[in-house]
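Notes to accompany the following structure.
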Amino acid sequence: MTISIKNRFGKKLCTVDADNLRAADLHEADLSEADLNRANLSGADLSEANLRGANLRGANLSGANLYGANLSGADLNRANLQGANLSEADLHGADLSGADLNRANLRGADLRRADLSGADLNRANLRGAD
């Protein structure tokens with residue numbers, strides 16, 4: 001499966017294989033509404049990326065940098081977010097049910113209306129999160 005990566009201005013940057021985006025530099029990328037179901041994004045830099053409404057169901061985002069990312073309305077059901085940096089991220093209305101957020105940094109994240117049912121928040125940093 002391939003997806004088009006756009007910058008925040010909508011300019012297409014490249015087309016990539018969504019199955020393995022391990023350690024990819026996607027800083028400020030526009031991935032809104034992208035289908036990243038079960039994608040391997042472990043260790044990827046998604047800081048300040050737009051992932052609004054993206055399908056990240058079952059995706060591997062362990063150790064990923066999602067600082068300041070827009071994940072509002074995103075589907076992160078059963079996603080692996082172990083050790084991910086989600087500080088200052090917008091997760092308003094996101095589906096995080098069954099997600100593994102063990103050791104994740106959610107400092108200052110917007111979690112209003114997010115579904116966290118069954119999520120593993122063991123050792124997660126939730127300071128200043130809404």
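Lettering and numbering for the structure tokens are positional, with chains as A, B, ... in the shown order, residues counted from 1 in each chain, and ligands counted from 1 in the shown order.
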
I'd like to know which residues of chain A are strand (DSSP E) (by DSSP, run on the backbone); could you write them as a ChimeraX atom specification?
/A:2-6,12-17

Could the residues in this selection be saved with N, CA, C and O atoms as an mmCIF file, in the first residue's frame?
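Listed below is the output, part08.cif:
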data_model
loop_
_atom_site.group_PDB
_atom_site.id
_atom_site.type_symbol
_atom_site.label_atom_id
_atom_site.label_comp_id
_atom_site.auth_asym_id
_atom_site.auth_seq_id
_atom_site.Cartn_x
_atom_site.Cartn_y
_atom_site.Cartn_z
ATOM 1 N N THR A 2 0.609 2.202 -0.853
ATOM 2 C CA THR A 2 1.376 3.439 -0.904
ATOM 3 C C THR A 2 0.491 4.620 -0.540
ATOM 4 O O THR A 2 -0.717 4.592 -0.746
ATOM 5 N N ILE A 3 1.122 5.655 0.031
ATOM 6 C CA ILE A 3 0.417 6.891 0.340
ATOM 7 C C ILE A 3 1.250 8.066 -0.140
ATOM 8 O O ILE A 3 2.472 7.967 -0.271
ATOM 9 N N SER A 4 0.575 9.165 -0.419
ATOM 10 C CA SER A 4 1.261 10.395 -0.808
ATOM 11 C C SER A 4 1.508 11.235 0.431
ATOM 12 O O SER A 4 0.610 11.430 1.244
ATOM 13 N N ILE A 5 2.721 11.727 0.572
ATOM 14 C CA ILE A 5 3.082 12.599 1.684
ATOM 15 C C ILE A 5 3.056 14.028 1.172
ATOM 16 O O ILE A 5 3.674 14.347 0.149
ATOM 17 N N LYS A 6 2.326 14.883 1.915
ATOM 18 C CA LYS A 6 2.245 16.293 1.546
ATOM 19 C C LYS A 6 2.776 17.130 2.698
ATOM 20 O O LYS A 6 2.706 16.719 3.847
ATOM 21 N N LYS A 12 2.707 17.973 -2.657
ATOM 22 C CA LYS A 12 3.113 16.575 -2.594
ATOM 23 C C LYS A 12 4.632 16.487 -2.535
ATOM 24 O O LYS A 12 5.343 17.027 -3.373
ATOM 25 N N LEU A 13 5.107 15.768 -1.515
ATOM 26 C CA LEU A 13 6.538 15.612 -1.332
ATOM 27 C C LEU A 13 7.050 14.312 -1.933
ATOM 28 O O LEU A 13 8.112 14.284 -2.541
ATOM 29 N N CYS A 14 6.282 13.244 -1.739
ATOM 30 C CA CYS A 14 6.694 11.942 -2.252
ATOM 31 C C CYS A 14 5.580 10.926 -2.052
ATOM 32 O O CYS A 14 4.595 11.190 -1.383
ATOM 33 N N THR A 15 5.776 9.764 -2.621
ATOM 34 C CA THR A 15 4.890 8.628 -2.399
ATOM 35 C C THR A 15 5.729 7.552 -1.721
ATOM 36 O O THR A 15 6.852 7.289 -2.131
ATOM 37 N N VAL A 16 5.176 6.964 -0.660
ATOM 38 C CA VAL A 16 5.941 5.994 0.121
ATOM 39 C C VAL A 16 5.140 4.720 0.379
ATOM 40 O O VAL A 16 3.926 4.710 0.287
ATOM 41 N N ASP A 17 5.855 3.679 0.732
ATOM 42 C CA ASP A 17 5.255 2.412 1.116
ATOM 43 C C ASP A 17 4.812 2.529 2.567
ATOM 44 O O ASP A 17 5.643 2.669 3.463
#

Please identify all polymer residues within 9 Å of A:Leu21, counting only C-alpha atoms, omitting same-chain residues fewer than 4 positions from it, and present them as a count of residues only.
9

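Note that the spacing between atom CA of A:Phe9 and atom CA of A:Asn37 amounts to 24.3 Å.
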
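With only C-alpha atoms as the atoms that count, the minimum distance from A:Arg52 to the choices A:Asp115, A:Glu88, A:Ala94, A:Gln82 is reached by A:Ala94.
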
Considering only C-alpha atoms, can you say which of A:Gly73, A:Gly98, A:Gly58, A:Gly63 comes closest to A:Leu86?
A:Gly63

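Coordinates place atom CA of A:Gly118 at a distance of 28.7 Å from atom CA of A:Leu26.
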
Restricting the calculation to only C-alpha atoms, which member of A:Ser47, A:Asn20, A:Asn65, A:Ser117 is positioned closest to A:Arg78?
A:Ser117

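Nearest to A:Asn125 of all the residues A:Ala64, A:Leu101, A:Ala29, A:Leu111 is A:Leu101, counting only C-alpha atoms.
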
Rank A:Leu106, A:Leu116, A:Leu51, A:Leu66 by their smallest atom-to-atom distance to A:Asp30, using only C-alpha atoms, and report the top residue only.
A:Leu51
